[in-house]
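Colleague: PDB, C-alpha atoms and all ligand atoms, saved as model.pdb, coming up:
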ATOM      1  CA  MET N   9      30.102 -92.970  12.271  1.00  0.00           C
ATOM      2  CA  SER N  10      29.382 -90.753  15.288  1.00  0.00           C
ATOM      3  CA  ALA N  11      30.580 -87.150  15.436  1.00  0.00           C
ATOM      4  CA  PRO N  12      33.894 -86.575  17.272  1.00  0.00           C
ATOM      5  CA  LEU N  13      33.559 -85.701  20.955  1.00  0.00           C
ATOM      6  CA  PRO N  14      33.817 -81.962  21.667  1.00  0.00           C
ATOM      7  CA  GLN N  15      36.972 -80.548  23.259  1.00  0.00           C
ATOM      8  CA  GLY N  16      37.926 -77.430  25.220  1.00  0.00           C
ATOM      9  CA  GLU N  17      35.385 -74.642  25.694  1.00  0.00           C
ATOM     10  CA  GLU N  18      33.024 -76.299  23.233  1.00  0.00           C
ATOM     11  CA  LYS N  19      32.945 -79.341  25.532  1.00  0.00           C
ATOM     12  CA  ALA N  20      32.361 -77.186  28.635  1.00  0.00           C
ATOM     13  CA  ARG N  21      29.386 -75.455  26.978  1.00  0.00           C
ATOM     14  CA  ALA N  22      27.987 -78.771  25.751  1.00  0.00           C
ATOM     15  CA  VAL N  23      28.319 -80.407  29.195  1.00  0.00           C
ATOM     16  CA  GLN N  24      26.718 -77.465  31.001  1.00  0.00           C
ATOM     17  CA  GLY N  25      23.830 -77.377  28.513  1.00  0.00           C
ATOM     18  CA  LEU N  26      23.391 -81.144  28.658  1.00  0.00           C
ATOM     19  CA  PHE N  27      23.058 -81.234  32.445  1.00  0.00           C
ATOM     20  CA  ASP N  28      20.694 -78.271  32.429  1.00  0.00           C
ATOM     21  CA  THR N  29      18.562 -80.237  29.946  1.00  0.00           C
ATOM     22  CA  ILE N  30      18.452 -83.514  31.880  1.00  0.00           C
ATOM     23  CA  ALA N  31      18.395 -82.029  35.401  1.00  0.00           C
ATOM     24  CA  ASP N  32      14.656 -82.669  35.973  1.00  0.00           C
ATOM     25  CA  ARG N  33      14.926 -86.439  35.658  1.00  0.00           C
ATOM     26  CA  TYR N  34      18.644 -86.894  36.401  1.00  0.00           C
ATOM     27  CA  ASP N  35      18.109 -88.626  39.757  1.00  0.00           C
ATOM     28  CA  LEU N  36      15.385 -90.921  38.443  1.00  0.00           C
ATOM     29  CA  VAL N  37      17.458 -92.044  35.433  1.00  0.00           C
ATOM     30  CA  ASN N  38      20.506 -92.622  37.663  1.00  0.00           C
ATOM     31  CA  ARG N  39      18.557 -94.856  40.025  1.00  0.00           C
ATOM     32  CA  VAL N  40      16.960 -96.832  37.206  1.00  0.00           C
ATOM     33  CA  MET N  41      20.146 -97.255  35.182  1.00  0.00           C
ATOM     34  CA  THR N  42      22.348 -98.321  38.079  1.00  0.00           C
ATOM     35  CA  LEU N  43      19.502-100.302  39.707  1.00  0.00           C
ATOM     36  CA  GLY N  44      20.002 -98.076  42.732  1.00  0.00           C
ATOM     37  CA  MET N  45      23.677 -99.035  43.098  1.00  0.00           C
ATOM     38  CA  ASP N  46      24.875 -95.425  42.740  1.00  0.00           C
ATOM     39  CA  VAL N  47      23.560 -94.706  46.246  1.00  0.00           C
ATOM     40  CA  GLY N  48      25.791 -97.415  47.733  1.00  0.00           C
ATOM     41  CA  TRP N  49      28.783 -96.235  45.667  1.00  0.00           C
ATOM     42  CA  ARG N  50      28.547 -92.716  47.092  1.00  0.00           C
ATOM     43  CA  ARG N  51      28.095 -94.128  50.601  1.00  0.00           C
ATOM     44  CA  ARG N  52      31.248 -96.189  50.185  1.00  0.00           C
ATOM     45  CA  ALA N  53      33.180 -93.181  48.836  1.00  0.00           C
ATOM     46  CA  VAL N  54      32.157 -91.052  51.820  1.00  0.00           C
ATOM     47  CA  ARG N  55      33.130 -93.863  54.223  1.00  0.00           C
ATOM     48  CA  SER N  56      36.561 -94.006  52.620  1.00  0.00           C
ATOM     49  CA  LEU N  57      37.275 -90.370  53.590  1.00  0.00           C
ATOM     50  CA  ARG N  58      37.818 -91.374  57.232  1.00  0.00           C
ATOM     51  CA  LEU N  59      37.942 -87.742  58.417  1.00  0.00           C
ATOM     52  CA  PRO N  60      36.908 -86.493  61.879  1.00  0.00           C
ATOM     53  CA  GLY N  61      33.244 -85.534  62.336  1.00  0.00           C
ATOM     54  CA  GLY N  62      32.555 -81.907  61.448  1.00  0.00           C
ATOM     55  CA  SER N  63      35.267 -81.850  58.752  1.00  0.00           C
ATOM     56  CA  ILE N  64      34.557 -79.566  55.806  1.00  0.00           C
ATOM     57  CA  VAL N  65      34.268 -81.469  52.539  1.00  0.00           C
ATOM     58  CA  ALA N  66      33.875 -79.820  49.132  1.00  0.00           C
ATOM     59  CA  ASP N  67      31.808 -81.847  46.687  1.00  0.00           C
ATOM     60  CA  LEU N  68      33.021 -80.994  43.203  1.00  0.00           C
ATOM     61  CA  ALA N  69      30.434 -81.159  40.395  1.00  0.00           C
ATOM     62  CA  CYS N  70      27.746 -81.799  43.013  1.00  0.00           C
ATOM     63  CA  GLY N  71      24.851 -81.948  40.548  1.00  0.00           C
ATOM     64  CA  THR N  72      21.603 -82.469  42.439  1.00  0.00           C
ATOM     65  CA  GLY N  73      23.383 -82.887  45.757  1.00  0.00           C
ATOM     66  CA  ASP N  74      23.457 -86.650  46.356  1.00  0.00           C
ATOM     67  CA  PHE N  75      27.031 -86.544  47.655  1.00  0.00           C
ATOM     68  CA  CYS N  76      26.301 -83.516  49.857  1.00  0.00           C
ATOM     69  CA  ARG N  77      23.409 -85.363  51.493  1.00  0.00           C
ATOM     70  CA  GLU N  78      25.547 -88.441  52.077  1.00  0.00           C
ATOM     71  CA  LEU N  79      28.370 -86.319  53.521  1.00  0.00           C
ATOM     72  CA  GLN N  80      25.985 -84.608  55.929  1.00  0.00           C
ATOM     73  CA  ARG N  81      24.469 -87.944  56.941  1.00  0.00           C
ATOM     74  CA  SER N  82      28.005 -89.020  57.897  1.00  0.00           C
ATOM     75  CA  GLY N  83      28.562 -85.954  60.075  1.00  0.00           C
ATOM     76  CA  TYR N  84      30.609 -83.841  57.649  1.00  0.00           C
ATOM     77  CA  ARG N  85      29.992 -80.220  56.670  1.00  0.00           C
ATOM     78  CA  ALA N  86      29.463 -80.278  52.905  1.00  0.00           C
ATOM     79  CA  ILE N  87      29.707 -77.507  50.308  1.00  0.00           C
ATOM     80  CA  GLY N  88      28.686 -78.285  46.732  1.00  0.00           C
ATOM     81  CA  PHE N  89      30.094 -76.735  43.550  1.00  0.00           C
ATOM     82  CA  ASP N  90      28.619 -77.121  40.062  1.00  0.00           C
ATOM     83  CA  PHE N  91      28.354 -74.932  36.974  1.00  0.00           C
ATOM     84  CA  ALA N  92      24.951 -76.187  35.792  1.00  0.00           C
ATOM     85  CA  LEU N  93      22.313 -74.007  37.417  1.00  0.00           C
ATOM     86  CA  GLY N  94      19.574 -76.453  36.354  1.00  0.00           C
ATOM     87  CA  MET N  95      21.180 -79.195  38.456  1.00  0.00           C
ATOM     88  CA  LEU N  96      21.691 -76.903  41.469  1.00  0.00           C
ATOM     89  CA  ARG N  97      18.055 -75.735  41.306  1.00  0.00           C
ATOM     90  CA  ARG N  98      16.875 -79.325  41.599  1.00  0.00           C
ATOM     91  CA  ALA N  99      19.272 -80.203  44.400  1.00  0.00           C
ATOM     92  CA  ARG N 100      17.679 -81.846  47.423  1.00  0.00           C
ATOM     93  CA  THR N 101      20.113 -80.805  50.133  1.00  0.00           C
ATOM     94  CA  ASP N 102      20.411 -78.018  52.657  1.00  0.00           C
ATOM     95  CA  ALA N 103      24.199 -77.882  52.208  1.00  0.00           C
ATOM     96  CA  PRO N 104      25.441 -74.581  50.756  1.00  0.00           C
ATOM     97  CA  LEU N 105      25.748 -74.832  46.977  1.00  0.00           C
ATOM     98  CA  VAL N 106      27.848 -72.592  44.758  1.00  0.00           C
ATOM     99  CA  GLN N 107      27.536 -72.155  41.008  1.00  0.00           C
ATOM    100  CA  ALA N 108      31.157 -72.350  39.907  1.00  0.00           C
ATOM    101  CA  ASP N 109      33.558 -74.065  37.549  1.00  0.00           C
ATOM    102  CA  VAL N 110      35.323 -76.767  39.552  1.00  0.00           C
ATOM    103  CA  LEU N 111      38.546 -75.937  37.712  1.00  0.00           C
ATOM    104  CA  ARG N 112      38.493 -72.497  39.419  1.00  0.00           C
ATOM    105  CA  MET N 113      36.658 -72.717  42.707  1.00  0.00           C
ATOM    106  CA  PRO N 114      36.123 -69.623  44.844  1.00  0.00           C
ATOM    107  CA  LEU N 115      38.009 -71.235  47.744  1.00  0.00           C
ATOM    108  CA  ALA N 116      41.213 -70.222  49.502  1.00  0.00           C
ATOM    109  CA  ASP N 117      44.210 -72.564  49.407  1.00  0.00           C
ATOM    110  CA  THR N 118      44.084 -75.563  51.831  1.00  0.00           C
ATOM    111  CA  CYS N 119      40.743 -74.426  53.309  1.00  0.00           C
ATOM    112  CA  VAL N 120      38.874 -77.740  53.181  1.00  0.00           C
ATOM    113  CA  ASP N 121      39.537 -81.066  54.896  1.00  0.00           C
ATOM    114  CA  GLY N 122      38.436 -83.202  52.015  1.00  0.00           C
ATOM    115  CA  ALA N 123      36.906 -83.352  48.553  1.00  0.00           C
ATOM    116  CA  THR N 124      34.581 -85.693  46.754  1.00  0.00           C
ATOM    117  CA  CYS N 125      33.646 -85.843  43.093  1.00  0.00           C
ATOM    118  CA  GLY N 126      31.039 -88.132  41.544  1.00  0.00           C
ATOM    119  CA  PHE N 127      30.922 -89.112  37.877  1.00  0.00           C
ATOM    120  CA  ALA N 128      32.398 -85.872  36.603  1.00  0.00           C
ATOM    121  CA  LEU N 129      36.043 -86.715  35.861  1.00  0.00           C
ATOM    122  CA  ARG N 130      35.082 -87.396  32.248  1.00  0.00           C
ATOM    123  CA  ASN N 131      33.114 -84.180  32.033  1.00  0.00           C
ATOM    124  CA  VAL N 132      35.795 -81.586  32.715  1.00  0.00           C
ATOM    125  CA  ILE N 133      37.886 -80.163  29.895  1.00  0.00           C
ATOM    126  CA  ASP N 134      41.215 -80.615  31.703  1.00  0.00           C
ATOM    127  CA  LEU N 135      41.503 -83.516  34.145  1.00  0.00           C
ATOM    128  CA  ALA N 136      45.028 -82.574  35.288  1.00  0.00           C
ATOM    129  CA  ALA N 137      43.738 -79.086  36.129  1.00  0.00           C
ATOM    130  CA  LEU N 138      40.894 -80.603  38.157  1.00  0.00           C
ATOM    131  CA  PHE N 139      43.319 -82.706  40.205  1.00  0.00           C
ATOM    132  CA  SER N 140      45.552 -79.634  40.729  1.00  0.00           C
ATOM    133  CA  GLU N 141      42.561 -77.628  41.925  1.00  0.00           C
ATOM    134  CA  MET N 142      41.738 -80.398  44.434  1.00  0.00           C
ATOM    135  CA  ALA N 143      45.341 -80.363  45.636  1.00  0.00           C
ATOM    136  CA  ARG N 144      45.153 -76.564  46.019  1.00  0.00           C
ATOM    137  CA  VAL N 145      42.026 -76.485  48.187  1.00  0.00           C
ATOM    138  CA  VAL N 146      42.522 -79.620  50.330  1.00  0.00           C
ATOM    139  CA  ARG N 147      44.721 -79.135  53.408  1.00  0.00           C
ATOM    140  CA  PRO N 148      47.754 -81.376  54.025  1.00  0.00           C
ATOM    141  CA  GLY N 149      46.490 -84.610  55.575  1.00  0.00           C
ATOM    142  CA  GLY N 150      43.058 -84.074  53.996  1.00  0.00           C
ATOM    143  CA  ARG N 151      41.430 -86.771  51.911  1.00  0.00           C
ATOM    144  CA  ILE N 152      39.795 -87.157  48.521  1.00  0.00           C
ATOM    145  CA  ALA N 153      37.306 -89.741  47.253  1.00  0.00           C
ATOM    146  CA  LEU N 154      36.469 -89.697  43.552  1.00  0.00           C
ATOM    147  CA  LEU N 155      33.851 -91.903  41.909  1.00  0.00           C
ATOM    148  CA  GLU N 156      33.698 -92.584  38.208  1.00  0.00           C
ATOM    149  CA  THR N 157      32.253 -95.203  35.880  1.00  0.00           C
ATOM    150  CA  SER N 158      34.632 -97.918  34.796  1.00  0.00           C
ATOM    151  CA  GLU N 159      34.927-101.015  32.636  1.00  0.00           C
ATOM    152  CA  PRO N 160      35.264-104.423  34.304  1.00  0.00           C
ATOM    153  CA  ASP N 161      38.558-106.277  33.694  1.00  0.00           C
ATOM    154  CA  GLY N 162      37.129-109.693  32.731  1.00  0.00           C
ATOM    155  CA  PRO N 163      36.245-110.100  29.012  1.00  0.00           C
ATOM    156  CA  LEU N 164      32.755-111.477  29.649  1.00  0.00           C
ATOM    157  CA  MET N 165      31.752-108.806  32.163  1.00  0.00           C
ATOM    158  CA  ARG N 166      33.339-106.184  29.924  1.00  0.00           C
ATOM    159  CA  ALA N 167      31.301-107.290  26.883  1.00  0.00           C
ATOM    160  CA  GLY N 168      28.081-107.297  28.909  1.00  0.00           C
ATOM    161  CA  HIS N 169      28.869-103.921  30.388  1.00  0.00           C
ATOM    162  CA  ARG N 170      29.628-102.425  26.951  1.00  0.00           C
ATOM    163  CA  ALA N 171      26.346-103.707  25.550  1.00  0.00           C
ATOM    164  CA  TYR N 172      24.450-102.299  28.521  1.00  0.00           C
ATOM    165  CA  PHE N 173      26.236 -98.961  28.416  1.00  0.00           C
ATOM    166  CA  ARG N 174      26.023 -98.484  24.648  1.00  0.00           C
ATOM    167  CA  ARG N 175      22.554 -99.885  23.973  1.00  0.00           C
ATOM    168  CA  VAL N 176      20.447-100.002  27.143  1.00  0.00           C
ATOM    169  CA  VAL N 177      21.547 -96.654  28.635  1.00  0.00           C
ATOM    170  CA  PRO N 178      20.569 -94.589  25.531  1.00  0.00           C
ATOM    171  CA  LEU N 179      17.291 -96.499  25.318  1.00  0.00           C
ATOM    172  CA  VAL N 180      16.322 -96.105  28.979  1.00  0.00           C
ATOM    173  CA  GLY N 181      17.717 -92.548  29.174  1.00  0.00           C
ATOM    174  CA  GLY N 182      15.931 -91.679  25.923  1.00  0.00           C
ATOM    175  CA  THR N 183      12.624 -93.025  27.196  1.00  0.00           C
ATOM    176  CA  LEU N 184      12.772 -91.380  30.600  1.00  0.00           C
ATOM    177  CA  SER N 185      14.696 -88.237  29.678  1.00  0.00           C
ATOM    178  CA  ASP N 186      16.741 -87.169  26.624  1.00  0.00           C
ATOM    179  CA  ARG N 187      18.130 -89.609  24.063  1.00  0.00           C
ATOM    180  CA  ALA N 188      20.937 -87.377  22.765  1.00  0.00           C
ATOM    181  CA  ALA N 189      22.233 -86.786  26.287  1.00  0.00           C
ATOM    182  CA  TYR N 190      22.154 -90.458  27.217  1.00  0.00           C
ATOM    183  CA  THR N 191      23.892 -91.381  23.970  1.00  0.00           C
ATOM    184  CA  TYR N 192      26.647 -88.843  24.679  1.00  0.00           C
ATOM    185  CA  LEU N 193      27.182 -89.833  28.325  1.00  0.00           C
ATOM    186  CA  PRO N 194      28.326 -93.435  27.667  1.00  0.00           C
ATOM    187  CA  ARG N 195      30.516 -92.154  24.792  1.00  0.00           C
ATOM    188  CA  SER N 196      32.119 -89.604  27.104  1.00  0.00           C
ATOM    189  CA  THR N 197      33.940 -92.382  29.002  1.00  0.00           C
ATOM    190  CA  ALA N 198      36.411 -92.174  26.088  1.00  0.00           C
ATOM    191  CA  TYR N 199      37.751 -88.985  27.708  1.00  0.00           C
ATOM    192  CA  LEU N 200      39.020 -91.003  30.706  1.00  0.00           C
ATOM    193  CA  PRO N 201      42.688 -91.981  30.683  1.00  0.00           C
ATOM    194  CA  PRO N 202      43.587 -95.578  31.619  1.00  0.00           C
ATOM    195  CA  PRO N 203      43.417 -96.251  35.386  1.00  0.00           C
ATOM    196  CA  GLN N 204      47.185 -96.289  35.959  1.00  0.00           C
ATOM    197  CA  THR N 205      47.577 -92.950  34.162  1.00  0.00           C
ATOM    198  CA  MET N 206      44.802 -91.431  36.253  1.00  0.00           C
ATOM    199  CA  LEU N 207      46.416 -92.656  39.495  1.00  0.00           C
ATOM    200  CA  ALA N 208      49.769 -91.225  38.396  1.00  0.00           C
ATOM    201  CA  MET N 209      48.087 -87.884  37.652  1.00  0.00           C
ATOM    202  CA  VAL N 210      46.551 -87.757  41.137  1.00  0.00           C
ATOM    203  CA  GLY N 211      49.917 -88.598  42.692  1.00  0.00           C
ATOM    204  CA  ALA N 212      51.708 -86.015  40.567  1.00  0.00           C
ATOM    205  CA  VAL N 213      49.746 -83.099  42.075  1.00  0.00           C
ATOM    206  CA  GLY N 214      50.657 -84.087  45.644  1.00  0.00           C
ATOM    207  CA  PHE N 215      48.322 -86.819  46.870  1.00  0.00           C
ATOM    208  CA  LEU N 216      49.849 -89.793  48.706  1.00  0.00           C
ATOM    209  CA  ASP N 217      48.666 -93.390  49.144  1.00  0.00           C
ATOM    210  CA  VAL N 218      46.598 -93.036  46.002  1.00  0.00           C
ATOM    211  CA  GLU N 219      44.504 -96.122  45.497  1.00  0.00           C
ATOM    212  CA  ARG N 220      41.904 -97.321  43.010  1.00  0.00           C
ATOM    213  CA  ILE N 221      39.135 -99.573  44.231  1.00  0.00           C
ATOM    214  CA  GLN N 222      36.906-101.356  41.737  1.00  0.00           C
ATOM    215  CA  VAL N 223      33.302-101.404  42.839  1.00  0.00           C
ATOM    216  CA  SER N 224      30.404-103.696  41.850  1.00  0.00           C
ATOM    217  CA  GLY N 225      32.542-105.999  39.724  1.00  0.00           C
ATOM    218  CA  GLY N 226      34.436-103.095  38.165  1.00  0.00           C
ATOM    219  CA  ILE N 227      31.546-101.129  36.644  1.00  0.00           C
ATOM    220  CA  SER N 228      32.463 -98.274  38.938  1.00  0.00           C
ATOM    221  CA  GLN N 229      35.785 -97.100  40.358  1.00  0.00           C
ATOM    222  CA  LEU N 230      36.699 -95.209  43.493  1.00  0.00           C
ATOM    223  CA  ILE N 231      39.983 -93.295  43.692  1.00  0.00           C
ATOM    224  CA  VAL N 232      41.150 -92.238  47.135  1.00  0.00           C
ATOM    225  CA  GLY N 233      44.202 -90.369  48.357  1.00  0.00           C
ATOM    226  CA  THR N 234      45.652 -88.245  51.154  1.00  0.00           C
ATOM    227  CA  ARG N 235      47.000 -84.730  50.568  1.00  0.00           C
ATOM    228  CA  GLY N 236      50.731 -84.723  51.263  1.00  0.00           C
TER     229      GLY N 236
HETATM  230  C1  LIG E   1      27.180 -86.924  35.993  1.00  0.00           C
HETATM  231  S1  LIG E   1      26.826 -85.453  36.884  1.00  0.00           S
HETATM  232  C2  LIG E   1      27.281 -85.943  38.519  1.00  0.00           C
HETATM  233  C3  LIG E   1      26.517 -85.242  39.601  1.00  0.00           C
HETATM  234  C4  LIG E   1      26.795 -85.736  41.000  1.00  0.00           C
HETATM  235  N1  LIG E   1      28.198 -85.547  41.337  1.00  0.00           N
HETATM  236  C5  LIG E   1      26.408 -87.170  41.227  1.00  0.00           C
HETATM  237  O1  LIG E   1      27.158 -87.893  41.884  1.00  0.00           O
HETATM  238  O2  LIG E   1      25.315 -87.568  40.778  1.00  0.00           O
HETATM  239  C6  LIG E   1      28.177 -84.426  36.417  1.00  0.00           C
HETATM  240  C7  LIG E   1      28.066 -83.022  36.957  1.00  0.00           C
HETATM  241  O3  LIG E   1      29.307 -82.374  36.697  1.00  0.00           O
HETATM  242  C8  LIG E   1      29.033 -81.010  36.474  1.00  0.00           C
HETATM  243  N2  LIG E   1      30.233 -80.418  35.850  1.00  0.00           N
HETATM  244  C9  LIG E   1      30.911 -80.866  34.784  1.00  0.00           C
HETATM  245  N3  LIG E   1      31.978 -80.091  34.522  1.00  0.00           N
HETATM  246  C10 LIG E   1      31.971 -79.117  35.468  1.00  0.00           C
HETATM  247  C11 LIG E   1      32.805 -77.996  35.742  1.00  0.00           C
HETATM  248  N4  LIG E   1      33.882 -77.733  34.989  1.00  0.00           N
HETATM  249  N5  LIG E   1      32.505 -77.206  36.792  1.00  0.00           N
HETATM  250  C12 LIG E   1      31.412 -77.467  37.563  1.00  0.00           C
HETATM  251  N6  LIG E   1      30.577 -78.497  37.350  1.00  0.00           N
HETATM  252  C13 LIG E   1      30.850 -79.315  36.313  1.00  0.00           C
HETATM  253  C14 LIG E   1      27.788 -81.055  35.622  1.00  0.00           C
HETATM  254  O4  LIG E   1      27.123 -79.829  35.589  1.00  0.00           O
HETATM  255  C15 LIG E   1      26.991 -82.169  36.318  1.00  0.00           C
HETATM  256  O5  LIG E   1      26.141 -81.650  37.300  1.00  0.00           O
END
Take the structure in the file and give it back as structure tokens.
Ligand SMILES: C[S@@+](CC[C@H](N)C(=O)[O-])C[C@H]1O[C@@H](n2cnc3c(N)ncnc32)[C@H](O)[C@@H]1O
Modeller:
Amino acid sequence: MSAPLPQGEEKARAVQGLFDTIADRYDLVNRVMTLGMDVGWRRRAVRSLRLPGGSIVADLACGTGDFCRELQRSGYRAIGFDFALGMLRRARTDAPLVQADVLRMPLADTCVDGATCGFALRNVIDLAALFSEMARVVRPGGRIALLETSEPDGPLMRAGHRAYFRRVVPLVGGTLSDRAAYTYLPRSTAYLPPPQTMLAMVGAVGFLDVERIQVSGGISQLIVGTRG
């Protein structure tokens, strides 16, 4: 029996500490574990923003800056926010980065044109509060693109994905980085509400045309929407 997943402030401290611990090899493990697919997922998310060149996009939970780099490559002005200093220190981007809790960003209301968030929905302690914070900072007409891991719909793909996520990820992550962290990360998907609930939550804070796109056979999901 594994220990129950942490909640509230205990979870926030655990998540911050975990990412500080794995920051050094975070990018390497990501590339190996997704067979490089994570790069294409971020590229697709950025493409789905469809904002004018020069738009300001906040990347929430930016980690080592992969989304910021992709945003800049696409002609956007990116600003990254993350609370794990270890991740920010290893960031490979010249976008401005801010150490902050994404549930309380030091940004004025409606001051950005868009927001992205990669693989962090399951990491925050209050998902509804995260969506509200996005709705607060994104201007009307602005866009969001949120990436998160997902389970495929088909039973066969789902079984294969579960085996990979629960057995291979801790093994590979443990070999290249930290076993405890890469045992926790697959387990943390349990924090995610079902897709329809998540879409309803995004709509409830004021985003329109909210859509969920399954990527790479459903092992990843992209949620997009327009601020009403
Ligand atoms: C799985 S990493 C994703 C990093 C990056 N977005 C990417 O696409 O690779 C999750 C990140 O979320 C950050 N994070 C989690 N909760 C946060 C919070 N409440 N405020 C700021 N950053 C947070 C962690 O520090 C970590 O860097």
Colleague: Given the file shown, enumerate the residues that the PyMOL selection byres (((chain N and resi 175) around 12) and not hetatm) captures and present them as a list in words.
Modeller: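 With the PyMOL selection byres (((chain N and resi 175) around 12) and not hetatm) on this model, the match is Met41, Ala167, Gly168, His169, Arg170, Ala171, Tyr172, Phe173, Arg174, Val176, Val177, Pro178, Leu179, Val180, Gly181, Gly182, Arg187, Tyr190, Thr191, Tyr192, Leu193, Pro194 and Arg195 of chain N.
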Colleague: Smallest atom-to-atom distance to ligand LIG 1 (chain E): which of N:Arg151, N:Arg85, N:Arg144, N:Arg97, using all atoms listed in the file?
Modeller: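 Looking at the shortest contact to ligand LIG 1 (chain E), the residue is N:Arg97.
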Colleague: Which residues, written as a list in words, have at least one atom at most 6 Å from segment 59-69 of chain N, with only C-alpha atoms counted and residues fewer than 2 positions away on the same chain left out?
Modeller: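 With the cut-off at 6 Å, the set is Leu57, Gly71, Gly83, Tyr84, Arg85, Ala86, Ile87, Gly88, Phe89, Asp90, Val120, Asp121, Gly122, Ala123, Thr124 and Cys125 of chain N.
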Colleague: So which one's closest to Ser224 of chain N, N:Ala31, N:Leu184, N:Met165, N:Ala11? Using only C-alpha atoms, please.
Modeller: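 The closest residue to Ser224 of chain N is N:Met165.
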Colleague: Running the PyMOL selection byres (((not hetatm)) within 9 of (chain E and resi 1)) on this model by hand, what would come out? Give it as a ChimeraX atom specification.
Modeller: /N:20,23-28,31,34-35,38,46-47,50,67-76,89-96,107-113,124-134,138,155-156,193
Colleague: Quick one: write out the picked residues with C-alpha atoms as an mmCIF file, in the frame of the given file?
Modeller:
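Done, and the output landed in out.cif:
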data_model
loop_
_atom_site.group_PDB
_atom_site.id
_atom_site.type_symbol
_atom_site.label_atom_id
_atom_site.label_comp_id
_atom_site.auth_asym_id
_atom_site.auth_seq_id
_atom_site.Cartn_x
_atom_site.Cartn_y
_atom_site.Cartn_z
ATOM 1 C CA ALA N 20 32.361 -77.186 28.635
ATOM 2 C CA VAL N 23 28.319 -80.407 29.195
ATOM 3 C CA GLN N 24 26.718 -77.465 31.001
ATOM 4 C CA GLY N 25 23.830 -77.377 28.513
ATOM 5 C CA LEU N 26 23.391 -81.144 28.658
ATOM 6 C CA PHE N 27 23.058 -81.234 32.445
ATOM 7 C CA ASP N 28 20.694 -78.271 32.429
ATOM 8 C CA ALA N 31 18.395 -82.029 35.401
ATOM 9 C CA TYR N 34 18.644 -86.894 36.401
ATOM 10 C CA ASP N 35 18.109 -88.626 39.757
ATOM 11 C CA ASN N 38 20.506 -92.622 37.663
ATOM 12 C CA ASP N 46 24.875 -95.425 42.740
ATOM 13 C CA VAL N 47 23.560 -94.706 46.246
ATOM 14 C CA ARG N 50 28.547 -92.716 47.092
ATOM 15 C CA ASP N 67 31.808 -81.847 46.687
ATOM 16 C CA LEU N 68 33.021 -80.994 43.203
ATOM 17 C CA ALA N 69 30.434 -81.159 40.395
ATOM 18 C CA CYS N 70 27.746 -81.799 43.013
ATOM 19 C CA GLY N 71 24.851 -81.948 40.548
ATOM 20 C CA THR N 72 21.603 -82.469 42.439
ATOM 21 C CA GLY N 73 23.383 -82.887 45.757
ATOM 22 C CA ASP N 74 23.457 -86.650 46.356
ATOM 23 C CA PHE N 75 27.031 -86.544 47.655
ATOM 24 C CA CYS N 76 26.301 -83.516 49.857
ATOM 25 C CA PHE N 89 30.094 -76.735 43.550
ATOM 26 C CA ASP N 90 28.619 -77.121 40.062
ATOM 27 C CA PHE N 91 28.354 -74.932 36.974
ATOM 28 C CA ALA N 92 24.951 -76.187 35.792
ATOM 29 C CA LEU N 93 22.313 -74.007 37.417
ATOM 30 C CA GLY N 94 19.574 -76.453 36.354
ATOM 31 C CA MET N 95 21.180 -79.195 38.456
ATOM 32 C CA LEU N 96 21.691 -76.903 41.469
ATOM 33 C CA GLN N 107 27.536 -72.155 41.008
ATOM 34 C CA ALA N 108 31.157 -72.350 39.907
ATOM 35 C CA ASP N 109 33.558 -74.065 37.549
ATOM 36 C CA VAL N 110 35.323 -76.767 39.552
ATOM 37 C CA LEU N 111 38.546 -75.937 37.712
ATOM 38 C CA ARG N 112 38.493 -72.497 39.419
ATOM 39 C CA MET N 113 36.658 -72.717 42.707
ATOM 40 C CA THR N 124 34.581 -85.693 46.754
ATOM 41 C CA CYS N 125 33.646 -85.843 43.093
ATOM 42 C CA GLY N 126 31.039 -88.132 41.544
ATOM 43 C CA PHE N 127 30.922 -89.112 37.877
ATOM 44 C CA ALA N 128 32.398 -85.872 36.603
ATOM 45 C CA LEU N 129 36.043 -86.715 35.861
ATOM 46 C CA ARG N 130 35.082 -87.396 32.248
ATOM 47 C CA ASN N 131 33.114 -84.180 32.033
ATOM 48 C CA VAL N 132 35.795 -81.586 32.715
ATOM 49 C CA ILE N 133 37.886 -80.163 29.895
ATOM 50 C CA ASP N 134 41.215 -80.615 31.703
ATOM 51 C CA LEU N 138 40.894 -80.603 38.157
ATOM 52 C CA LEU N 155 33.851 -91.903 41.909
ATOM 53 C CA GLU N 156 33.698 -92.584 38.208
ATOM 54 C CA LEU N 193 27.182 -89.833 28.325
#
Colleague: Have a look at atom CA of Ile231 of chain N and atom CA of Met206 of chain N and let me know their distance in Å, one decimal.
Modeller: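 Atom-to-atom, atom CA of Ile231 of chain N and atom CA of Met206 of chain N are spaced 9.1 Å apart.
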Colleague: Would you mind reading off the distance between atom CA of Val145 of chain N and atom CA of Leu115 of chain N, one decimal, in Å?
Modeller: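 Between atom CA of Val145 of chain N and atom CA of Leu115 of chain N the gap works out to 6.6 Å.
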Colleague: What does the distance from atom CA of Lys19 of chain N to atom CA of Ser140 of chain N come to in Å, to one decimal?
Modeller: 19.7 Å
Colleague: From the options N:Leu164, N:Glu159, N:Ala137, N:Asp32, which residue's atoms come nearest to Arg100 of chain N, counting all atoms listed in the file?
Modeller: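 Smallest distance to Arg100 of chain N is found for N:Asp32.
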Colleague: Provide an axis-aligned box for all listed atoms of segment 25-34 of chain N, padding each side by 8 Å; report its centre and its edge lengths in Å to one decimal, as lines of an AutoDock Vina configuration file.
Modeller:
center_x = 19.2
center_y = -82.1
center_z = 32.5
size_x = 25.2
size_y = 25.5
size_z = 23.9
Colleague: Set the distance at 6 Å and use all atoms listed in the file: which residues neighbour Thr234 of chain N once local chain neighbours fewer than 2 positions away are removed? I'd like the list as a VMD selection string.
Modeller: chain N and resid 149 to 151 215 to 216
